[in-house]
Amino acid sequence: MNRFAALLDRMSYEAGRNAKIRLMADYFRSTPDPERGLALAALTGALSFANAKPGVVRTLIAERADPVLFEMSYDYVGDLSETVALMWPRPEGARPHAPLLSEIVHGLSTFSKVSLPRHLADWLDGLDETGRWALLKLITGSMRVGASARLAKTAVASLGQGLTEVTPDEVELVWPGLEPPYEELFAWVEGRGPRPETSNPAPFRPVMLAHAIEETDFTALDPADFRAEWKWDGIRVQAVAGTGPDGARVVRLYSRTGEDISDAFPDMAEAIAFDGAMDGELLIVRDGRVEPFNVLQQRLNRKTVTVKMLAEFPAHIRAYDLLVDGADDLRGEPFATRRARLEALVARLHTPRIDLSPMVPFSTWEALTTARRDPASAGAGADAGAVEGVMIKRADSLYLPGRPKGPWWKWKRDPHTVDAVLMYAQRGHGKRSSFYSDYTFGVWTIGDEGEDVLVPVGKAYFGFTDEELKQIDAFVRRATINRFGPVREVVHEKDEGLVLEVAFEGLARSTRHRSGIAMRFPRIARLRWDKPPGEADRLETLEALLG
Amino acid sequence: MRPEDLLCPSPKGLYSPAGDFYVDPTRAVPRAVITHGHSDHARAGHAHVLATRETLDIMALRMGPGFAGATQALAYGAEIILNGVKVSLHPAGHVLGSAQVRLEKDGLVIVVSGDYKDAADPTCAPFEPIRCHVFVSEATFGLPVFRHPPAAGEVDKLLASVRIFPERTHIVGAYSLGKAQRMMALIRRAGHDAPIYVHGALTNITDYYESCGMDFGEILPVKGAPKSAFAGAIVIAPPSSMTDLWARRFADPITCFASGWMRVRARARQRGVELPLVVSDHADWDGLCASIRATGCEELWVTHGAEDALVHWAHTRQLRARPLHMVGYGEEDEEAVVVAPEGEAPPP
Ligand SMILES: [Zn+2]
Ligand SMILES: [Zn+2]
């Protein structure tokens with residue numbers, strides 16, 4: 001448990017993706033089975049314990065600690081698990097004894113509700129502060145160390161470097177048939193055993209991704225070789241169904257990273273009435289019309305799915321590829337062939353929940369440019385609001401997992417931009433901790449007294465070059481008018497301050513923000529040193545975009 | 001004699017009416033006894049200063065040779081009479097030369113701890129509990145959540161990270177007097193013998209520690225070293241330098257910070273630390289409680305820090321205790337921090 005706790009502790013402070021992979025790989029490499037496999041289960045969210053609840057922790061600390069000291073401590077630390085982990089008083093004479101992760105996992109799944117608190121107290125007595133923190137995180141199910149399941153699997157795959165060269169996608173392929181502690185998986189990756197057999201009739205297939213196309217790429221491409229379709233602003237899913245050896249029908253909905261999201265969309269299960277694997281976009285469709293992303297988001301953010309929500313936000317798949325049709329794996333077939341099979345399947349399914357993503361006809365790149373600029377007149381009609389660009393796919397492209405360069409391109413619509421004024425800057429983390437790199441910016445609106453005031457509309461920490469970061473940082477240090485810990489307020493008057501051209505993908509109404517709006521993916525597009533802040537945009541301009 | 005006649009709080013710091021001298025005064029006074037060289041305890045401008053030889057040397061290094069009108073060195077355990085008050089200095093285990101001040105008159109004994117820690121530290125003499133009637137304690141880490149693990153384990157964490165990321169620079173933030181040298185000693189004890197690079201602000205104190213007989217192996221200045229030297233290297237720097245332009249010379253660094261405050265995640269996150277090292281030069285909660293008990297004191301006075309929790313604890317032990325609410329003391333170099341919630345702009 002100590003080693004696993006040390007890993008979680010370190011990862012909780014690490015922001016870098018590659019660094020996290022290396023930390024996990026180092027742990028997997030130096031920890032024996034079955035401990036490392038259980039850690040992998042914990043990291044991928046494959047563990048949950050019915051009898052272990054946060055309330056148990058509160059009761060335990062109340063029995064052990066002085067209530068005044070507990071309150072003072074909780075007040076200071078701000079997090080219950082952390083407070084308990086740190087202040088847990090080890091009884092006189094109790095010796096440090098860290099239980100194994102496997103003992104804990106076994107105990108948590110077998111102890112009764114009545115005996116659990118006693119065992120938990122014993123473990124807490126034996127562990128140190130970090131160990132107790134990790135144990136309490138495990139119990140309360142709040143193991144947010146920022147590692148997705150995909151990242152953990154990538155770390156497992158990296159164990160095969162120089163040995164088996166198993167890729168993350170291959171791990172993903174066998175994953176659905178595996179159970180903790182994943183010994184056969186480690187054996188395979190490390191070259192000590194065969195590839196695990198997957199008995200899952202509805203496995204996830206690693207998805208094929210597109211590169212962003214640049215204007216300069218087009219000259220080398222012949223439009224006759226390509227097909228185009230709309231790029232929908234939903235979430236990419238893979239709908240998979242099959243029949244198990246026992247005759248049971250299995251239906252799964254996976255996210256593009258292979259997370260099983262079936263439970264969140266029970267309304268799709270019935271419509272997936274085929275054996276195979278379909279690639280498409282999950283959207284909310286009401287009265288035959290695709291709703292914008294922020295409507296879908298309202299459903300995504302909920303923990304439990306209510307009947308009311310199912311009725312209010314009906315899920316829909318707009319299909320654009322077919323990977324497996326019955327017993328036929330189509331991934332080795334060209335796109336045109338797969339598309340024909342997909343069209344036939346969707347026609348056969350005949351359900352209002354699944355339809356085809358239409359092809360966008362074009363014969364020249366100019367024609368496609370026009371279609372992309374105005375999807376409504378190019379076939380998207382009333383759904384144009386949910387179009388975020390076009391996908392360009394070679395007609396002969398095979399379905400290759402990962403992001404091969406050449407066969408598929410994405411060409412996003414130009415983002416919206418707004419000229420906003422820098423108001424606050426905060427120091428970044430890690431590599432950027434010596435730079436003010438997180439920016440809060442605002443636009444003008446009418447204040448209480450009828451005067452023009454700036455209201456914050458968003459925060460951005462991407463989009464600038466290293467050189468621009470240095471320039472903004474220097475400006476922040478020079479123009480500071482107030483400090484709040486790591487945050488600096490910079491001068492933002494009509495004739496003095498820095499205007500940022502901020503690009504963003506969309507807007508939604510929000511009660512959490514003083515401006516009443518929330519921006520999607522804001523990033524710094526340009527620094528407008530030339531523009532006086534008084535000429536920056538107004539809130540009314542943004543409100544008009546909301547429609 | 002009442003304790004207040006031997007020692008009492010005053011606007012300039014702790015004052016002995018009987019002996020007519022101050023302990024760690026925050027303003028210039030005619031006669032001062034100084035516990036240690038940190039800037040919140042040792043200030044310039046006193047007419048007469050009594051301290052250990054090391055503390056006097058450190059004060060001269062940091063403030064210049066004319067920091068006081070006259071100085072007098074007193075060895076640990078030696079006694080001196082000041083206006084009828086018997087004064088002696090005893091190891092506080094905080095930094096090199098740090099001392100507790102023992103005052104005695106008419107059979108009444110008061111001990112002023114200054115800053116102290118009971119944990120082992122290879123760079124200074126270990127804390128000695130002194131029996132007394134009144135113990136004057138700090139409470140920097142006076143909350144039960146502050147439990148400092150063995151420092152060797154924290155250094156192991158650092159070295160494990162150096163092993164996993166051999167191409168990156170590990171910048172360790174550490175206060176320039178005491179913490180930095182303790183980290184050097186611990187890193188060497190853990191068997192790491194590559195050169196350690198240091199910020200210019202650390203060199204003269206480190207040289208002084210070495211002149212007192214400590215061996216830190218190869219310590220090199222960052223300034224003037226080729227960029228290539230920093231790959232895989234450990235760099236020790238004062239915490240304030242880690243967020244300024246100085247830190248930009250290192251490619252893809254890992255920011256580490258050695259401090260007792262790193263025990264609490266929010267504090268570490270707030271500073272953007274990627275590898276917090278819980279290494280403190282103050283006693284943790286258990287250390288405070290154990291040290292107070294070891295003095296056998298009848299009364300506890302708490303100078304600065306989280307006084308309320310420690311006073312509450314003393315009361316639950318039937319020990320008379322009171323907070324002195326002394327101002328002007330705190331971790332030197334500690335940046336004033338105000339929590340700005342993530343994702344929200346602070347109030348304009
Ligand atoms: Zn100090
Ligand atoms: Zn101090």
# chains A, B, ... in the order shown; residues from 1 in each chain; ligands from 1

call {"tool": "residues_near_ligand", "arguments": {"ligand": "ligand 1", "cutoff": "8 Å", "atoms": "only C-alpha atoms and all ligand atoms", "output": "VMD selection string"}}
result
chain B and resid 36 to 41 94 to 95 114 to 116 281 to 282 330 to 332

call {"tool": "select_by_dssp", "arguments": {"residues": "segment 92-177 of chain A", "states": "helix (DSSP H, G or I)", "output": "PDB file with C-alpha atoms, in the first residue's frame"}}
result
ATOM      1  CA  LEU A 101      -3.106  -3.184  -1.337  1.00  0.00           C
ATOM      2  CA  SER A 102      -4.427  -6.700  -1.986  1.00  0.00           C
ATOM      3  CA  GLU A 103      -5.313  -7.141   1.705  1.00  0.00           C
ATOM      4  CA  ILE A 104      -7.196  -3.872   1.630  1.00  0.00           C
ATOM      5  CA  VAL A 105      -9.057  -4.609  -1.601  1.00  0.00           C
ATOM      6  CA  HIS A 106      -9.969  -8.074  -0.352  1.00  0.00           C
ATOM      7  CA  GLY A 107     -11.072  -6.700   3.008  1.00  0.00           C
ATOM      8  CA  LEU A 108     -13.140  -3.893   1.571  1.00  0.00           C
ATOM      9  CA  SER A 109     -15.083  -6.270  -0.630  1.00  0.00           C
ATOM     10  CA  THR A 110     -15.676  -8.927   2.049  1.00  0.00           C
ATOM     11  CA  LEU A 116     -15.612  -2.701   8.454  1.00  0.00           C
ATOM     12  CA  PRO A 117     -14.972   0.282  10.787  1.00  0.00           C
ATOM     13  CA  ARG A 118     -12.830  -1.838  13.124  1.00  0.00           C
ATOM     14  CA  HIS A 119     -10.674  -3.151  10.268  1.00  0.00           C
ATOM     15  CA  LEU A 120     -10.426   0.296   8.788  1.00  0.00           C
ATOM     16  CA  ALA A 121      -9.163   1.671  12.102  1.00  0.00           C
ATOM     17  CA  ASP A 122      -6.516  -1.082  12.234  1.00  0.00           C
ATOM     18  CA  TRP A 123      -5.281  -0.186   8.764  1.00  0.00           C
ATOM     19  CA  LEU A 124      -5.195   3.502   9.612  1.00  0.00           C
ATOM     20  CA  ASP A 125      -3.161   2.711  12.730  1.00  0.00           C
ATOM     21  CA  GLY A 126      -0.591   0.860  10.664  1.00  0.00           C
ATOM     22  CA  GLU A 129       0.004   9.962   6.571  1.00  0.00           C
ATOM     23  CA  THR A 130       0.309   9.365   2.838  1.00  0.00           C
ATOM     24  CA  GLY A 131      -0.853   5.769   3.166  1.00  0.00           C
ATOM     25  CA  ARG A 132      -3.911   6.844   5.152  1.00  0.00           C
ATOM     26  CA  TRP A 133      -4.707   9.525   2.590  1.00  0.00           C
ATOM     27  CA  ALA A 134      -4.563   7.011  -0.255  1.00  0.00           C
ATOM     28  CA  LEU A 135      -6.680   4.486   1.677  1.00  0.00           C
ATOM     29  CA  LEU A 136      -9.364   7.083   2.382  1.00  0.00           C
ATOM     30  CA  LYS A 137      -9.345   8.173  -1.258  1.00  0.00           C
ATOM     31  CA  LEU A 138      -9.806   4.549  -2.284  1.00  0.00           C
ATOM     32  CA  ILE A 139     -12.726   4.151   0.105  1.00  0.00           C
ATOM     33  CA  THR A 140     -14.504   7.364  -0.721  1.00  0.00           C
ATOM     34  CA  ALA A 149      -8.054   4.848 -17.747  1.00  0.00           C
ATOM     35  CA  ARG A 150      -6.431   5.379 -21.119  1.00  0.00           C
ATOM     36  CA  LEU A 151      -3.334   6.863 -19.502  1.00  0.00           C
ATOM     37  CA  ALA A 152      -2.984   3.901 -17.146  1.00  0.00           C
ATOM     38  CA  LYS A 153      -3.277   1.470 -20.058  1.00  0.00           C
ATOM     39  CA  THR A 154      -0.692   3.467 -21.983  1.00  0.00           C
ATOM     40  CA  ALA A 155       1.639   3.089 -18.992  1.00  0.00           C
ATOM     41  CA  VAL A 156       1.062  -0.680 -19.024  1.00  0.00           C
ATOM     42  CA  ALA A 157       1.842  -0.814 -22.745  1.00  0.00           C
ATOM     43  CA  SER A 158       5.062   1.121 -22.176  1.00  0.00           C
ATOM     44  CA  PRO A 168      -1.804   1.125 -26.107  1.00  0.00           C
ATOM     45  CA  ASP A 169      -4.390   0.332 -28.771  1.00  0.00           C
ATOM     46  CA  GLU A 170      -3.615  -3.363 -28.519  1.00  0.00           C
ATOM     47  CA  VAL A 171      -4.038  -3.189 -24.753  1.00  0.00           C
ATOM     48  CA  GLU A 172      -7.343  -1.454 -25.363  1.00  0.00           C
ATOM     49  CA  LEU A 173      -8.411  -4.301 -27.667  1.00  0.00           C
ATOM     50  CA  VAL A 174      -7.896  -7.057 -25.118  1.00  0.00           C
ATOM     51  CA  TRP A 175      -8.973  -4.951 -22.111  1.00  0.00           C
ATOM     52  CA  PRO A 176     -12.746  -5.608 -22.162  1.00  0.00           C
ATOM     53  CA  GLY A 177     -12.194  -9.337 -21.554  1.00  0.00           C
TER      54      GLY A 177
END

call {"tool": "select_by_dssp", "arguments": {"residues": "segment 175-285 of chain A", "states": "strand (DSSP E)", "output": "PyMOL selection string"}}
result
chain A and resi 211-212+226-232+235-243+249-255+276-285

call {"tool": "residues_around", "arguments": {"residues": "Ala92 of chain B", "least_positions_apart": "2", "cutoff": "7 Å", "atoms": "only C-alpha atoms", "output": "ChimeraX atom specification"}}
result
/B:90,94,98-100,113,116-117,126-128

call {"tool": "write_last_selection", "arguments": {"atoms": "C-alpha atoms", "output": "short mmCIF file (atom, residue, chain, number, x, y, z; two decimals), in the first residue's frame"}}
result
data_model
loop_
_atom_site.label_atom_id
_atom_site.label_comp_id
_atom_site.auth_asym_id
_atom_site.auth_seq_id
_atom_site.Cartn_x
_atom_site.Cartn_y
_atom_site.Cartn_z
CA HIS B 90 20.95 25.36 25.23
CA HIS B 94 16.53 24.39 14.74
CA SER B 98 20.18 27.96 17.49
CA ALA B 99 19.59 28.14 21.21
CA GLN B 100 16.92 28.11 23.86
CA SER B 113 12.65 28.01 23.16
CA TYR B 116 13.02 24.50 17.79
CA LYS B 117 12.61 20.97 16.57
CA PRO B 126 20.11 18.22 18.94
CA PHE B 127 17.32 19.85 20.94
CA GLU B 128 17.72 19.40 24.70
#

call {"tool": "closest_residue", "arguments": {"among": "A:Lys494, A:Arg427, A:Arg195, A:Arg520", "to": "chain B", "atoms": "only C-alpha atoms"}}
result
A:Arg427
